[in-house]
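Colleague: work-v4.txt is reproduced below (compact mmCIF, C-alpha atoms (C1' of nucleotides)).
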```txt
# COMPACT_ATOMS: atom_id res chain seq x y z
CA MET A 4 -12.41 71.13 -56.75
CA LYS A 5 -9.59 73.15 -58.18
CA LYS A 6 -6.95 74.40 -55.87
CA GLN A 7 -7.25 78.06 -55.22
CA LEU A 8 -4.69 80.41 -56.58
CA ARG A 9 -2.53 81.84 -53.91
CA ARG A 10 0.33 83.30 -55.81
CA SER A 11 0.18 84.52 -59.33
CA ASN A 12 2.60 83.68 -62.08
CA CYS A 13 3.87 87.18 -62.43
CA PRO A 14 7.05 88.15 -64.21
CA ILE A 15 9.99 88.34 -61.86
CA ASN A 16 8.42 86.35 -59.12
CA PHE A 17 11.84 85.09 -58.14
CA GLY A 18 10.74 81.48 -58.41
CA LEU A 19 8.98 82.05 -55.14
CA GLU A 20 6.75 79.03 -55.30
CA ALA A 21 9.83 76.87 -55.05
CA PHE A 22 11.51 78.27 -51.99
CA GLY A 23 9.67 81.42 -50.94
CA ASP A 24 8.60 79.98 -47.65
CA THR A 25 10.09 80.39 -44.24
CA TRP A 26 10.50 76.73 -43.41
CA SER A 27 12.01 75.77 -46.75
CA LEU A 28 14.58 78.48 -46.37
CA LEU A 29 15.46 77.35 -42.87
CA ILE A 30 15.95 73.80 -44.06
CA ILE A 31 18.30 75.01 -46.75
CA ARG A 32 20.12 77.15 -44.23
CA ASP A 33 20.52 74.13 -41.97
CA ILE A 34 22.11 72.20 -44.80
CA VAL A 35 24.40 74.97 -46.00
CA TYR A 36 25.53 76.43 -42.70
CA PHE A 37 25.23 73.56 -40.28
CA GLY A 38 25.62 70.47 -42.41
CA LYS A 39 22.33 68.91 -41.42
CA LYS A 40 21.25 66.05 -43.62
CA THR A 41 18.53 63.87 -42.17
CA TYR A 42 14.93 64.27 -41.13
CA GLY A 43 16.00 63.94 -37.53
CA ASP A 44 18.71 66.60 -37.93
CA PHE A 45 16.19 69.10 -39.19
CA LEU A 46 13.67 68.19 -36.50
CA ARG A 47 16.24 68.77 -33.78
CA SER A 48 17.14 72.24 -34.99
CA ASP A 49 16.31 75.29 -32.94
CA GLU A 50 13.23 76.38 -34.75
CA ARG A 51 11.30 73.27 -33.69
CA ILE A 52 9.46 72.58 -36.87
CA ALA A 53 6.51 70.21 -36.53
CA THR A 54 6.96 66.76 -38.00
CA ASN A 55 4.17 67.08 -40.53
CA ILE A 56 5.37 70.47 -41.70
CA LEU A 57 8.90 69.19 -42.08
CA ALA A 58 7.79 66.16 -44.08
CA ASN A 59 5.67 68.41 -46.24
CA ARG A 60 8.47 70.87 -46.94
CA LEU A 61 11.03 68.18 -47.67
CA ALA A 62 8.69 66.58 -50.18
CA GLN A 63 7.97 69.96 -51.72
CA LEU A 64 11.62 70.85 -52.05
CA GLU A 65 12.26 67.45 -53.59
CA ARG A 66 9.43 67.95 -56.06
CA HIS A 67 10.93 71.28 -57.06
CA GLY A 68 14.29 69.67 -57.68
CA ILE A 69 16.07 71.57 -54.93
CA LEU A 70 16.73 68.55 -52.73
CA VAL A 71 17.28 64.88 -53.41
CA LYS A 72 16.68 62.08 -50.97
CA THR A 73 19.02 59.10 -50.91
CA PRO A 74 19.34 56.17 -48.50
CA HIS A 75 21.94 56.64 -45.81
CA PRO A 76 25.06 54.68 -46.84
CA ILE A 77 25.58 53.09 -43.43
CA ASP A 78 22.50 53.49 -41.28
CA ARG A 79 19.82 51.86 -43.37
CA ARG A 80 17.04 53.43 -41.30
CA LYS A 81 17.92 56.95 -42.37
CA GLU A 82 17.50 58.99 -45.46
CA VAL A 83 19.96 61.68 -46.47
CA TYR A 84 18.81 64.93 -48.01
CA THR A 85 21.26 66.85 -50.13
CA LEU A 86 21.07 69.94 -52.30
CA THR A 87 20.94 69.61 -56.06
CA GLU A 88 22.75 72.11 -58.28
CA LYS A 89 19.51 74.06 -58.37
CA GLY A 90 19.61 74.15 -54.59
CA ILE A 91 23.28 75.06 -54.48
CA ASP A 92 22.50 77.98 -56.74
CA LEU A 93 20.40 79.42 -53.93
CA ILE A 94 23.54 80.08 -51.92
CA PRO A 95 24.18 83.57 -53.33
CA ILE A 96 20.72 84.52 -52.12
CA LEU A 97 21.42 83.08 -48.68
CA VAL A 98 24.63 85.06 -48.51
CA GLU A 99 22.91 88.33 -49.35
CA MET A 100 20.19 87.55 -46.84
CA ALA A 101 22.79 86.87 -44.19
CA ASN A 102 24.38 90.24 -44.99
CA TRP A 103 21.12 92.03 -44.59
CA GLY A 104 20.16 90.16 -41.46
CA ALA A 105 23.52 90.81 -39.84
CA LYS A 106 23.22 94.51 -40.56
CA TYR A 107 19.68 95.07 -39.36
CA ASP A 108 19.10 92.26 -36.91
CA PRO A 109 22.50 91.58 -35.36
CA ASP A 110 21.04 89.53 -32.50
CA THR A 111 19.78 86.76 -34.71
CA GLY A 112 22.19 87.26 -37.56
CA ALA A 113 25.37 85.51 -38.52
CA PRO A 114 28.60 86.41 -36.68
CA GLN A 115 29.99 89.72 -37.84
CA GLU A 116 33.43 88.24 -38.45
CA TRP A 117 31.94 85.75 -40.85
CA ILE A 118 30.03 88.47 -42.67
CA ALA A 119 33.16 90.58 -42.99
CA LEU A 120 35.08 87.59 -44.28
CA VAL A 121 32.52 86.79 -46.93
CA ASN A 122 32.33 90.35 -48.17
CA SER A 123 36.07 90.77 -48.35
CA ASP A 124 36.03 88.51 -51.42
CA LYS A 125 32.44 87.71 -52.12
CA GLU A 126 32.64 85.96 -55.48
CA ASN A 127 35.32 83.55 -54.40
CA MET A 128 33.76 82.94 -51.00
CA ILE A 129 30.47 82.01 -52.60
CA ARG A 130 32.27 79.60 -54.88
CA LEU A 131 34.08 78.12 -51.92
CA ILE A 132 30.83 77.62 -50.03
CA GLN A 133 29.23 76.04 -53.06
CA ASP A 134 32.12 73.67 -53.63
CA THR A 135 32.15 72.71 -49.98
CA VAL A 136 28.44 71.93 -50.00
CA ARG A 137 28.86 69.92 -53.20
CA GLU A 138 31.34 67.74 -51.39
CA GLY A 139 28.98 67.23 -48.48
CA GLY A 140 30.45 69.85 -46.19
CA SER A 141 28.93 72.96 -44.66
CA VAL A 142 29.97 76.46 -43.67
CA PHE A 143 30.36 76.09 -39.92
CA VAL A 144 30.01 72.45 -38.91
CA GLY A 145 31.88 69.24 -39.60
CA PRO A 146 35.26 68.29 -40.97
CA ASN A 147 36.18 70.20 -44.08
CA SER A 148 33.81 73.02 -43.21
CA VAL A 149 34.40 76.31 -44.94
CA ILE A 150 35.84 77.87 -41.82
CA ASP A 151 38.23 74.95 -41.41
CA ARG A 152 39.39 75.24 -44.98
CA LEU A 153 40.00 78.93 -44.58
CA ALA A 154 41.96 78.36 -41.39
CA GLN A 155 44.19 75.82 -43.12
CA ARG A 156 45.08 78.23 -45.87
CA GLU A 157 46.98 80.49 -43.54
CA MET B 1 -3.24 83.30 -23.67
CA LYS B 2 0.27 83.65 -24.88
CA LYS B 3 0.80 83.97 -28.56
CA GLN B 4 2.07 80.80 -30.08
CA LEU B 5 5.55 80.71 -31.44
CA ARG B 6 5.60 80.42 -35.18
CA ARG B 7 9.14 81.24 -36.05
CA SER B 8 12.01 80.96 -33.71
CA ASN B 9 14.65 83.54 -33.10
CA CYS B 10 17.35 81.35 -34.45
CA PRO B 11 20.79 82.54 -35.45
CA ILE B 12 21.01 83.38 -39.10
CA ASN B 13 17.31 83.66 -39.63
CA PHE B 14 17.97 86.24 -42.33
CA GLY B 15 15.67 88.72 -40.64
CA LEU B 16 12.86 86.72 -42.10
CA GLU B 17 10.16 88.08 -39.88
CA ALA B 18 10.65 91.42 -41.55
CA PHE B 19 10.33 90.53 -45.20
CA GLY B 20 10.26 86.74 -45.50
CA ASP B 21 6.77 86.67 -46.90
CA THR B 22 5.67 86.38 -50.47
CA TRP B 23 3.50 89.46 -50.61
CA SER B 24 5.99 91.70 -48.88
CA LEU B 25 8.60 90.68 -51.37
CA LEU B 26 6.28 91.36 -54.28
CA ILE B 27 5.50 94.82 -52.94
CA ILE B 28 9.18 95.58 -52.75
CA ARG B 29 9.68 94.21 -56.24
CA ASP B 30 6.91 96.47 -57.51
CA ILE B 31 8.65 99.47 -56.03
CA VAL B 32 12.13 98.58 -57.22
CA TYR B 33 11.38 97.27 -60.69
CA PHE B 34 8.18 99.01 -61.65
CA GLY B 35 8.21 102.22 -59.66
CA LYS B 36 4.90 101.65 -57.91
CA LYS B 37 4.27 103.90 -55.00
CA THR B 38 0.67 104.02 -53.84
CA TYR B 39 -1.84 101.58 -52.40
CA GLY B 40 -3.69 101.71 -55.68
CA ASP B 41 -0.55 101.00 -57.67
CA PHE B 42 0.12 97.86 -55.70
CA LEU B 43 -3.49 96.74 -55.90
CA ARG B 44 -3.46 97.04 -59.66
CA SER B 45 -0.42 94.86 -60.09
CA ASP B 46 -0.66 91.51 -61.76
CA GLU B 47 -0.66 89.33 -58.70
CA ARG B 48 -4.01 90.71 -57.52
CA ILE B 49 -3.31 91.00 -53.86
CA ALA B 50 -6.41 91.28 -51.67
CA THR B 51 -7.05 94.68 -50.17
CA ASN B 52 -6.79 93.56 -46.59
CA ILE B 53 -3.59 91.65 -47.19
CA LEU B 54 -2.06 94.64 -48.90
CA ALA B 55 -3.00 96.95 -46.05
CA ASN B 56 -1.64 94.44 -43.59
CA ARG B 57 1.67 94.00 -45.38
CA LEU B 58 2.19 97.71 -45.93
CA ALA B 59 1.65 98.32 -42.24
CA GLN B 60 3.98 95.48 -41.35
CA LEU B 61 6.73 96.71 -43.66
CA GLU B 62 6.35 100.16 -42.21
CA ARG B 63 6.59 98.80 -38.68
CA HIS B 64 9.79 97.02 -39.62
CA GLY B 65 11.26 100.20 -41.00
CA ILE B 66 11.45 98.98 -44.56
CA LEU B 67 8.87 101.38 -45.95
CA VAL B 68 7.77 104.85 -45.00
CA LYS B 69 4.39 106.35 -45.80
CA THR B 70 4.18 110.03 -46.67
CA PRO B 71 1.34 112.15 -48.01
CA HIS B 72 1.38 112.60 -51.76
CA PRO B 73 2.86 116.03 -52.50
CA ILE B 74 0.16 116.97 -55.00
CA ASP B 75 -2.78 114.61 -54.77
CA ARG B 76 -3.87 114.98 -51.16
CA ARG B 77 -5.97 111.82 -51.33
CA LYS B 78 -2.98 109.57 -51.82
CA GLU B 79 -0.23 108.24 -49.70
CA VAL B 80 3.18 107.47 -51.12
CA TYR B 81 5.15 104.47 -49.96
CA THR B 82 8.88 104.58 -50.40
CA LEU B 83 11.76 102.37 -49.37
CA THR B 84 13.96 103.36 -46.47
CA GLU B 85 17.68 102.67 -46.56
CA LYS B 86 16.89 99.39 -44.82
CA GLY B 87 14.56 98.58 -47.66
CA ILE B 88 17.02 99.68 -50.32
CA ASP B 89 19.53 97.32 -48.77
CA LEU B 90 17.25 94.45 -49.78
CA ILE B 91 18.06 95.08 -53.43
CA PRO B 92 21.10 92.79 -53.55
CA ILE B 93 18.84 89.99 -52.37
CA LEU B 94 16.29 90.80 -55.06
CA VAL B 95 19.00 90.75 -57.69
CA GLU B 96 20.22 87.32 -56.64
CA MET B 97 16.67 86.07 -56.55
CA ALA B 98 16.07 87.39 -60.02
CA ASN B 99 19.19 85.56 -61.18
CA TRP B 100 18.00 82.31 -59.73
CA GLY B 101 14.47 82.72 -60.99
CA ALA B 102 15.65 83.55 -64.50
CA LYS B 103 17.84 80.46 -64.55
CA TYR B 104 15.34 77.95 -63.26
CA ASP B 105 12.01 79.49 -64.09
CA PRO B 106 12.57 81.46 -67.27
CA ASP B 107 8.86 81.83 -67.97
CA THR B 108 8.16 83.97 -64.96
CA GLY B 109 11.63 85.39 -64.57
CA ALA B 110 13.14 88.68 -65.55
CA PRO B 111 14.22 89.20 -69.18
CA GLN B 112 17.45 87.38 -69.93
CA GLU B 113 19.05 90.48 -71.41
CA TRP B 114 18.51 92.31 -68.17
CA ILE B 115 19.97 89.45 -66.17
CA ALA B 116 23.03 89.35 -68.40
CA LEU B 117 23.44 93.10 -68.09
CA VAL B 118 23.31 93.04 -64.33
CA ASN B 119 25.81 90.21 -64.05
CA SER B 120 28.25 91.80 -66.41
CA ASP B 121 29.07 94.30 -63.68
CA LYS B 122 27.07 93.30 -60.67
CA GLU B 123 28.48 95.54 -57.97
CA ASN B 124 28.08 98.70 -59.97
CA MET B 125 24.70 97.73 -61.33
CA ILE B 126 23.40 97.16 -57.83
CA ARG B 127 24.69 100.54 -56.81
CA LEU B 128 23.03 102.10 -59.83
CA ILE B 129 19.72 100.47 -59.00
CA GLN B 130 19.96 101.59 -55.41
CA ASP B 131 20.79 105.17 -56.36
CA THR B 132 17.95 105.23 -58.84
CA VAL B 133 15.46 104.01 -56.26
CA ARG B 134 16.76 106.55 -53.75
CA GLU B 135 15.89 109.26 -56.24
CA GLY B 136 12.41 107.88 -56.72
CA GLY B 137 13.09 105.97 -59.91
CA SER B 138 12.81 102.30 -60.74
CA VAL B 139 14.52 99.70 -62.88
CA PHE B 140 12.13 99.45 -65.78
CA VAL B 141 9.44 102.10 -65.52
CA GLY B 142 9.32 105.86 -65.54
CA PRO B 143 11.64 108.66 -66.53
CA ASN B 144 15.14 108.17 -65.24
CA SER B 145 14.66 104.45 -64.95
CA VAL B 146 17.79 102.33 -64.76
CA ILE B 147 17.36 101.12 -68.32
CA ASP B 148 16.99 104.70 -69.55
CA ARG B 149 20.10 105.78 -67.73
CA LEU B 150 22.06 102.92 -69.21
CA ALA B 151 20.82 103.75 -72.71
CA GLN B 152 21.90 107.35 -72.33
CA ARG B 153 25.41 106.35 -71.42
CA GLU B 154 26.12 104.94 -74.81
C1' DC C 14 15.13 54.57 -32.43
C1' DC C 15 14.01 56.67 -37.36
C1' DG C 16 11.02 58.62 -40.83
C1' DG C 17 7.05 59.75 -41.54
C1' DA C 18 1.33 59.77 -41.63
C1' DT C 19 -2.91 61.11 -39.43
C1' DC C 20 -6.01 63.62 -36.61
C1' DC C 21 -7.51 67.86 -34.35
C1' DG C 22 -7.91 72.49 -32.15
C1' DT C 23 -6.07 77.07 -33.23
C1' DT C 24 -4.21 80.72 -35.99
C1' DT C 25 -3.58 82.98 -40.14
C1' DC C 26 -4.70 83.89 -44.84
C1' DG C 27 -7.40 85.54 -48.56
C1' DA C 28 -11.63 86.75 -51.58
C1' DT C 29 -15.40 89.51 -51.50
C1' DA C 30 -18.39 93.02 -49.88
C1' DC C 31 -18.58 97.16 -47.87
C1' DT C 32 -17.37 102.03 -45.85
C1' DG C 33 -15.45 106.86 -44.94
C1' DC D 2 -8.90 105.94 -53.22
C1' DA D 3 -7.58 103.71 -49.13
C1' DG D 4 -8.60 100.97 -46.52
C1' DT D 5 -12.17 97.65 -42.73
C1' DA D 6 -15.45 93.61 -41.84
C1' DT D 7 -16.68 89.21 -42.54
C1' DC D 8 -16.19 84.50 -43.08
C1' DG D 9 -14.72 80.23 -45.32
C1' DA D 10 -10.24 77.97 -46.62
C1' DA D 11 -5.76 76.81 -45.71
C1' DA D 12 -1.72 76.43 -42.83
C1' DC D 13 0.20 75.52 -38.45
C1' DG D 14 1.52 73.17 -33.93
C1' DG D 15 1.10 69.33 -31.07
C1' DA D 16 0.15 64.82 -30.06
C1' DT D 17 -0.16 60.29 -31.36
C1' DC D 18 0.34 56.31 -34.04
C1' DC D 19 2.70 53.18 -37.18
C1' DG D 20 5.91 50.45 -40.35
C1' DG D 21 10.75 49.27 -40.69
```
Could the structure of this file be written out as structure tokens, please?
Modeller:
Amino acid sequence: MKKQLRRSNCPINFGLEAFGDTWSLLIIRDIVYFGKKTYGDFLRSDERIATNILANRLAQLERHGILVKTPHPIDRRKEVYTLTEKGIDLIPILVEMANWGAKYDPDTGAPQEWIALVNSDKENMIRLIQDTVREGGSVFVGPNSVIDRLAQRE
Amino acid sequence: MKKQLRRSNCPINFGLEAFGDTWSLLIIRDIVYFGKKTYGDFLRSDERIATNILANRLAQLERHGILVKTPHPIDRRKEVYTLTEKGIDLIPILVEMANWGAKYDPDTGAPQEWIALVNSDKENMIRLIQDTVREGGSVFVGPNSVIDRLAQRE
DNA sequence: CCGGATCCGTTTCGATACTG
DNA sequence: CAGTATCGAAACGGATCCGG
């Protein structure tokens, strides 16, 4: 019983089969913007993803080399999900999406001040976000978040 | 019977309910890169979208103000779908997606020469693409395509 | 408690056939 | 050419259960 074709392998498909799904994108957003790391973190996020869907998407993202799962260093019960370099390279897309969302859907978009900040020096801000995520940080949440780093520079 | 919630209105949802769907994205890609404009054009594209899905997505994109449908100026049987400014503002996202896809999925990605060209002067190239699409052109196909314009500059 | 796996009723998707 | 109608397949949401 061969699996039915849902999406074709067309040129310029943007690698959609890897991340072109709502839930996957929201997981990545949770990691990048809010520093979420564990199954429980993702479950507790606002969009109330079902447990089976979450497990499925995490496995899928791992299979595609966008996430890696490692045992939690302290709490042995937990697993920690982090972005690979392939995942970190999605950040420019997230940034452009956030721009678009903030412009056309301000209610559910990122804060306008943040958007303005990013666009004032986009290349460097993207690099800063990427470096922060590489070191386990996030944009808004946690010590050494991007917004903290920017505040310290002044 | 209240409709079940599928996607939450979370902050920074990227305006996903408007375009965060595979087929919608491929329609927009067809317009931007290949200059497709009519229902038939989209149907004939490589990914073989089903007729009902195509009709559904076109209507959805129109509802979200990303596309507009206008009667074909000459052939009265056809309708022409074009991007609004809201739709044209998706182009930076497409460009970043194309970058990522070309890097991690070269087989189905855009030509590497094109990717290199875009990144050599990203801001201006995006503006050029957007202007071209505004005037009814596309990146690769048709008279006054982006690649033609770039060739003429030399 | 934490990270899932499994089952089930409902919703959505998608391939094909068909119509104005 | 530009869509509807139909209907089986897949995805989803919710609840529950289970091993560590």
Colleague: Quote the spacing between CA of Pro73 (chain B) and CA of Leu61 (chain B) in Å to one decimal place.
Modeller: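 Computing it gives 21.6 Å between the two atoms.
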Colleague: So, with only C-alpha atoms (C1' of nucleotides) as the atoms that count, which of C:DC31, C:DC21, C:DC26, C:DC15 lies closest to chain A?
Modeller: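 For chain A, the nearest of the candidates is C:DC15.
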Colleague: Counting all atoms listed in the file, which residues of region 41-113 of chain B fall within 12 Å of region 104-109 of chain A, and what is the closest atom pair for each with its distance in Å at one decimal, ordered by chain and rising number, as CSV?
Modeller:
```
residue,atom,partner,partner_atom,distance
B:His64,CA,A:Tyr107,CA,10.1
B:Gly65,CA,A:Tyr107,CA,10.0
B:Ile66,CA,A:Tyr107,CA,10.5
B:Glu85,CA,A:Tyr107,CA,10.7
B:Lys86,CA,A:Tyr107,CA,7.5
B:Gly87,CA,A:Tyr107,CA,10.4
B:Asp89,CA,A:Lys106,CA,9.4
B:Leu90,CA,A:Gly104,CA,9.8
B:Ile93,CA,A:Gly104,CA,11.0
```
Colleague: Take the point (-0.8, 57.4, -31.4) as written in the file and pick out every residue within 10 Å of it, counting all atoms listed in the file; give the list as a list of chain:residue names.
Modeller: C:DT19, C:DC20, D:DA16, D:DT17, D:DC18, D:DC19
Colleague: From the list B:Thr70, B:Ile91, B:Glu79, B:Asn56, which residue is nearest chain A when using only C-alpha atoms?
Modeller: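 Checking each of B:Thr70, B:Ile91, B:Glu79, B:Asn56 against chain A, counting only C-alpha atoms, the winner is B:Ile91.
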Colleague: Could you list, as a short mmCIF file (atom, residue, chain, number, x, y, z; two decimals) with C-alpha atoms, in the frame of the given file, every residue within 12 Å of Arg134 (chain B), counting only C-alpha atoms (C1' of nucleotides) and ignoring same-chain residues fewer than 4 positions away?
Modeller:
```
data_model
loop_
_atom_site.label_atom_id
_atom_site.label_comp_id
_atom_site.auth_asym_id
_atom_site.auth_seq_id
_atom_site.Cartn_x
_atom_site.Cartn_y
_atom_site.Cartn_z
CA ILE B 31 8.65 99.47 -56.03
CA VAL B 32 12.13 98.58 -57.22
CA GLY B 35 8.21 102.22 -59.66
CA THR B 82 8.88 104.58 -50.40
CA LEU B 83 11.76 102.37 -49.37
CA THR B 84 13.96 103.36 -46.47
CA GLU B 85 17.68 102.67 -46.56
CA LYS B 86 16.89 99.39 -44.82
CA GLY B 87 14.56 98.58 -47.66
CA ILE B 88 17.02 99.68 -50.32
CA ASP B 89 19.53 97.32 -48.77
CA ILE B 91 18.06 95.08 -53.43
CA ARG B 127 24.69 100.54 -56.81
CA LEU B 128 23.03 102.10 -59.83
CA ILE B 129 19.72 100.47 -59.00
CA GLN B 130 19.96 101.59 -55.41
CA SER B 138 12.81 102.30 -60.74
CA VAL B 139 14.52 99.70 -62.88
CA ASN B 144 15.14 108.17 -65.24
CA SER B 145 14.66 104.45 -64.95
CA VAL B 146 17.79 102.33 -64.76
#
```
Colleague: Give me, as a PDB file with C-alpha atoms, keeping the file's coordinate frame, the contact residues of chain A against chain D at a cut-off of 10 Å, counting only C-alpha atoms (C1' of nucleotides).
Modeller:
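Okay, this is what ended up in iface-v2.pdb:
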```
ATOM      1  CA  GLN A   7      -7.250  78.060 -55.220  1.00  0.00           C
ATOM      2  CA  ARG A  51      11.300  73.270 -33.690  1.00  0.00           C
ATOM      3  CA  ILE A  52       9.460  72.580 -36.870  1.00  0.00           C
ATOM      4  CA  ALA A  53       6.510  70.210 -36.530  1.00  0.00           C
ATOM      5  CA  THR A  54       6.960  66.760 -38.000  1.00  0.00           C
ATOM      6  CA  ASN A  55       4.170  67.080 -40.530  1.00  0.00           C
ATOM      7  CA  ILE A  56       5.370  70.470 -41.700  1.00  0.00           C
ATOM      8  CA  ARG A  79      19.820  51.860 -43.370  1.00  0.00           C
ATOM      9  CA  ARG A  80      17.040  53.430 -41.300  1.00  0.00           C
TER      10      ARG A  80
END
```
Colleague: Which distance in Å separates CA of Asp44 (chain A) and CA of Ile118 (chain A), to one decimal?
Modeller: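 According to the coordinates, CA of Asp44 (chain A) and CA of Ile118 (chain A) are separated by 25.1 Å.
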Colleague: Please report, as CSV, each residue of chain C lying at most 10 Å from chain B, together with the nearest pair of atoms and the separation in Å rounded to one decimal; use all atoms listed in the file, and order rows by chain and ascending residue number.
Modeller:
```
residue,atom,partner,partner_atom,distance
C:DT23,C1',B:Gln4,CA,9.5
C:DT24,C1',B:Gln4,CA,8.6
C:DC26,C1',B:Ile53,CA,8.2
C:DG27,C1',B:Ala50,CA,6.6
C:DA28,C1',B:Ala50,CA,6.9
C:DT29,C1',B:Ala50,CA,9.2
```
Colleague: Near chain B, meaning an atom within 9 Å, which residues of chain A appear when counting all atoms listed in the file? Write them as a VMD selection string.
Modeller: chain A and resid 10 to 20 23 to 26 28 to 29 32 49 to 52 89 92 to 93 95 to 105 107 to 108 110 to 114
Colleague: Hey, can you check how far CA of Glu65 (chain A) sits from CA of Ile129 (chain A)?
Modeller: 23.3 Å
